[in-house]
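Have a look at the structure below before the remarks.
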Amino acid sequence: MTCTLRVLGCSGGIGGELRTTSFLLNQNILIDAGTGVGDLSLDELREIDHVFLTHSHLDHICSLPFIADAVGGSRDVPLKIYGIYETIHALQEYIFNDVIWPDFTKIPSTKKPFVSFNLIEVDEPIQINGLTMTALPVNHSIAANAYAISSDSGALVFSGDTGVSDAFWQSVNQQKNLKHLIIETSFLDQEELAIITGHLSPSLLMGEIAKLDQQVAASDLQIWICHLKPDVGDVIMKEIAMLSQNTALKPQKLSRNTTLHF
Ligand SMILES: [Zn+2]
Ligand SMILES: [Zn+2]
């Protein structure tokens, strides 16, 4: 089975047309549940069966409570939410805790709830609807993971939020037939915020991309930049273009409503 990834949101913030991180895979799998989810119709929301989360930061989970609330009652099976232990624990403790939002793992009953939480482990592949989803290690300010998604015809890796990480690139280099790499660059080099908060800046990104195996880098791999902070996004992309002008890889800005195939 091939895969279509539709970008619902890929910004590091909100404002105007910007939406935070969320990708829809083949209509029924969501990766992260940022503000971009709010643009889906009720029918589209109802079709989502699986949500894979990279981490528990608000820009990646904020629509999750609303999905459960909007379509939980009209679905036959629970919405399955996947994440590493720290992500799932945070959702249970701080969001679906009957204070901020109802505990939808018990509503309307524990036998037939609106949502179910499912623990995943880094580097352990999961087969879903002909796709293989694998959580990969990253280095963020809280526990987080990237995802590799493989179809019959190729693979895509999405970094989620990450700073400098050797383990992530080792995993990227192991992917077969990698077509797309979506990676974050949140801040400018001058800000130092990238290092403090576990994100990348243009110079850090170039240092990271240099960890790609020659073979992978020489393939038809396309690198997409996401999670740009709204006020500095254009400047970040100009710096990346300048830094990468003498390299074979030309990272492009990922935009909302872009569709990637692999
Ligand atoms: Zn984050
Ligand atoms: Zn984020």
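Every chain in the structure tokens takes a letter, A first, then B, and so on in the order presented; its residues are numbered from 1, and the ligands are numbered from 1 following the presented order.
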
- request: Set the cut-off to 9 Å, count only C-alpha atoms and all ligand atoms, and list whatever residues fall near ligand 1 as a list in words.
  value: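 Counting only what the definition allows, namely only C-alpha atoms and all ligand atoms, the set is Thr54, His55, Ser56, His57, Leu58, Asp59, His60, His140, Ser141, Ile142, Ala144, Gly160, Asp161, Thr162, Thr197, Gly198 and His199 of chain A.
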
Please produce a file of those selected residues containing C-alpha atoms, as a CSV table (one decimal), in the first residue's frame.
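Written output follows (out.csv):
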```
chain,number,residue,atom,x,y,z
A,54,THR,CA,5.6,12.5,19.2
A,55,HIS,CA,5.4,14.1,22.6
A,56,SER,CA,3.0,15.8,25.1
A,57,HIS,CA,3.8,19.5,24.4
A,58,LEU,CA,0.6,21.4,23.8
A,59,ASP,CA,1.2,22.4,20.2
A,60,HIS,CA,1.2,18.7,19.3
A,140,HIS,CA,14.0,17.3,23.0
A,141,SER,CA,13.4,19.1,26.3
A,142,ILE,CA,11.0,16.4,27.4
A,144,ALA,CA,9.8,12.6,22.7
A,160,GLY,CA,8.8,15.8,15.6
A,161,ASP,CA,10.6,18.3,17.9
A,162,THR,CA,14.3,17.6,18.4
A,197,THR,CA,14.7,24.3,24.5
A,198,GLY,CA,15.8,21.2,22.6
A,199,HIS,CA,15.2,22.5,19.0
```

- request: Pick out the residues sitting within 6 Å of stretch 3-19 of chain A, and hand them over as a ChimeraX atom specification; count only C-alpha atoms, and ignore anything fewer than 4 positions along from it in its own chain.
  value: /A:23-26,35-36,226-230,256-262

- request: Output as an MDAnalysis selection string all residues of stretch 19-235 of chain A that backbone DSSP marks as strand (DSSP E).
  value: chainID A and resid 22:25 29:31 50:52 79:83 115:119 126:128 131:137 145:150 155:158 178:184 222:226

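Closest approach to A:Gln127 among A:Ala148, A:Ile107, A:Ile209, A:Leu178 is made by A:Ala148 (distances from only C-alpha atoms).
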
task: Go through A:Gln214, A:Gln174, A:Gln92, A:Thr20 and flag the residue nearest A:Gly38, using only C-alpha atoms for the distances.
output: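 The shortest atom-to-atom distance to A:Gly38 comes from A:Thr20.
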
- prompt: Between atom CA of A:Gln27 and atom CA of A:Ala155, what is the distance, to one decimal in Å?
  reply: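 Spanning atom CA of A:Gln27 to atom CA of A:Ala155 is a straight-line distance of 17.6 Å.
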
query: Which is closest to A:Tyr85 among A:Glu121, A:Glu191, A:Glu239, A:Glu44, if we use only C-alpha atoms?
result: A:Glu121

message: Excluding A:Leu64 and its own-chain neighbours fewer than 6 positions away, which residues fall within 9 Å of it when counting only C-alpha atoms? Please give them as a PyMOL selection string.
response: chain A and resi 32-34+37+51

Output for the residues just chosen: C-alpha atoms as a PDB file, in the first residue's frame:
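Written output follows (again_27.pdb):
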```pdb
ATOM      1  CA  ASP A  32       0.224  14.638  16.261  1.00  0.00           C
ATOM      2  CA  ALA A  33      -2.928  16.607  16.944  1.00  0.00           C
ATOM      3  CA  GLY A  34      -2.050  20.298  16.751  1.00  0.00           C
ATOM      4  CA  VAL A  37      -6.903  19.236  13.064  1.00  0.00           C
ATOM      5  CA  VAL A  51      -3.360   9.020  16.565  1.00  0.00           C
TER       6      VAL A  51
END
```

message: What's around A:Met237 at 9 Å? Count only C-alpha atoms, leave out sequence neighbours fewer than 2 positions away in its own chain, and write the answer as a list in words.
response: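 Result of the neighbour search: Thr185, Pro202, Ile225, Leu228, Val232, Gly233, Asp234, Val235, Glu239, Ile240, Ala241, Met242, Pro251, Gln252 and Lys253 of chain A.
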
Same residues, N, CA, C and O atoms, saved as a PDB file, in the first residue's frame:
```
ATOM      1  N   THR A 185      13.084  23.091  12.315  1.00  0.00           N
ATOM      2  CA  THR A 185      14.079  24.133  12.595  1.00  0.00           C
ATOM      3  C   THR A 185      13.285  25.285  13.196  1.00  0.00           C
ATOM      4  O   THR A 185      12.594  26.008  12.495  1.00  0.00           O
ATOM      5  N   PRO A 202      19.247  27.005  12.025  1.00  0.00           N
ATOM      6  CA  PRO A 202      19.824  26.696  10.713  1.00  0.00           C
ATOM      7  C   PRO A 202      21.219  26.051  10.775  1.00  0.00           C
ATOM      8  O   PRO A 202      21.463  25.042  10.114  1.00  0.00           O
ATOM      9  N   ILE A 225      11.375  21.383   5.831  1.00  0.00           N
ATOM     10  CA  ILE A 225      11.571  22.067   7.118  1.00  0.00           C
ATOM     11  C   ILE A 225      10.208  22.436   7.724  1.00  0.00           C
ATOM     12  O   ILE A 225       9.343  22.997   7.042  1.00  0.00           O
ATOM     13  N   LEU A 228       8.770  26.047  12.121  1.00  0.00           N
ATOM     14  CA  LEU A 228       9.369  27.386  12.133  1.00  0.00           C
ATOM     15  C   LEU A 228       8.565  28.268  13.080  1.00  0.00           C
ATOM     16  O   LEU A 228       7.332  28.289  13.003  1.00  0.00           O
ATOM     17  N   VAL A 232       9.929  34.398  12.895  1.00  0.00           N
ATOM     18  CA  VAL A 232      11.262  34.328  12.278  1.00  0.00           C
ATOM     19  C   VAL A 232      11.337  33.282  11.161  1.00  0.00           C
ATOM     20  O   VAL A 232      12.421  33.007  10.642  1.00  0.00           O
ATOM     21  N   GLY A 233      10.195  32.728  10.778  1.00  0.00           N
ATOM     22  CA  GLY A 233      10.177  31.637   9.802  1.00  0.00           C
ATOM     23  C   GLY A 233      10.871  31.965   8.484  1.00  0.00           C
ATOM     24  O   GLY A 233      11.685  31.193   7.988  1.00  0.00           O
ATOM     25  N   ASP A 234      10.559  33.138   7.922  1.00  0.00           N
ATOM     26  CA  ASP A 234      11.136  33.494   6.621  1.00  0.00           C
ATOM     27  C   ASP A 234      12.650  33.685   6.720  1.00  0.00           C
ATOM     28  O   ASP A 234      13.396  33.298   5.815  1.00  0.00           O
ATOM     29  N   VAL A 235      13.095  34.270   7.817  1.00  0.00           N
ATOM     30  CA  VAL A 235      14.543  34.492   7.990  1.00  0.00           C
ATOM     31  C   VAL A 235      15.266  33.153   8.155  1.00  0.00           C
ATOM     32  O   VAL A 235      16.345  32.939   7.598  1.00  0.00           O
ATOM     33  N   GLU A 239      18.305  31.676   5.775  1.00  0.00           N
ATOM     34  CA  GLU A 239      19.598  31.216   6.306  1.00  0.00           C
ATOM     35  C   GLU A 239      19.887  29.791   5.858  1.00  0.00           C
ATOM     36  O   GLU A 239      21.020  29.460   5.497  1.00  0.00           O
ATOM     37  N   ILE A 240      18.839  28.939   5.876  1.00  0.00           N
ATOM     38  CA  ILE A 240      19.032  27.544   5.443  1.00  0.00           C
ATOM     39  C   ILE A 240      19.414  27.508   3.956  1.00  0.00           C
ATOM     40  O   ILE A 240      20.312  26.765   3.551  1.00  0.00           O
ATOM     41  N   ALA A 241      18.755  28.340   3.151  1.00  0.00           N
ATOM     42  CA  ALA A 241      19.066  28.379   1.711  1.00  0.00           C
ATOM     43  C   ALA A 241      20.518  28.793   1.491  1.00  0.00           C
ATOM     44  O   ALA A 241      21.226  28.235   0.645  1.00  0.00           O
ATOM     45  N   MET A 242      20.976  29.762   2.285  1.00  0.00           N
ATOM     46  CA  MET A 242      22.355  30.246   2.151  1.00  0.00           C
ATOM     47  C   MET A 242      23.360  29.157   2.560  1.00  0.00           C
ATOM     48  O   MET A 242      24.325  28.886   1.862  1.00  0.00           O
ATOM     49  N   PRO A 251      16.968  21.785   1.302  1.00  0.00           N
ATOM     50  CA  PRO A 251      15.774  21.719   2.155  1.00  0.00           C
ATOM     51  C   PRO A 251      14.733  22.748   1.725  1.00  0.00           C
ATOM     52  O   PRO A 251      15.067  23.879   1.385  1.00  0.00           O
ATOM     53  N   GLN A 252      13.473  22.317   1.711  1.00  0.00           N
ATOM     54  CA  GLN A 252      12.374  23.214   1.353  1.00  0.00           C
ATOM     55  C   GLN A 252      11.462  23.421   2.556  1.00  0.00           C
ATOM     56  O   GLN A 252      11.362  22.549   3.409  1.00  0.00           O
ATOM     57  N   LYS A 253      10.763  24.540   2.541  1.00  0.00           N
ATOM     58  CA  LYS A 253       9.805  24.814   3.612  1.00  0.00           C
ATOM     59  C   LYS A 253       8.552  23.962   3.399  1.00  0.00           C
ATOM     60  O   LYS A 253       7.986  23.946   2.297  1.00  0.00           O
TER      61      LYS A 253
END
```

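Closest approach to A:Leu45 among A:Ala70, A:Thr21, A:Ile195, A:Leu249 is made by A:Ala70 (distances from only C-alpha atoms).
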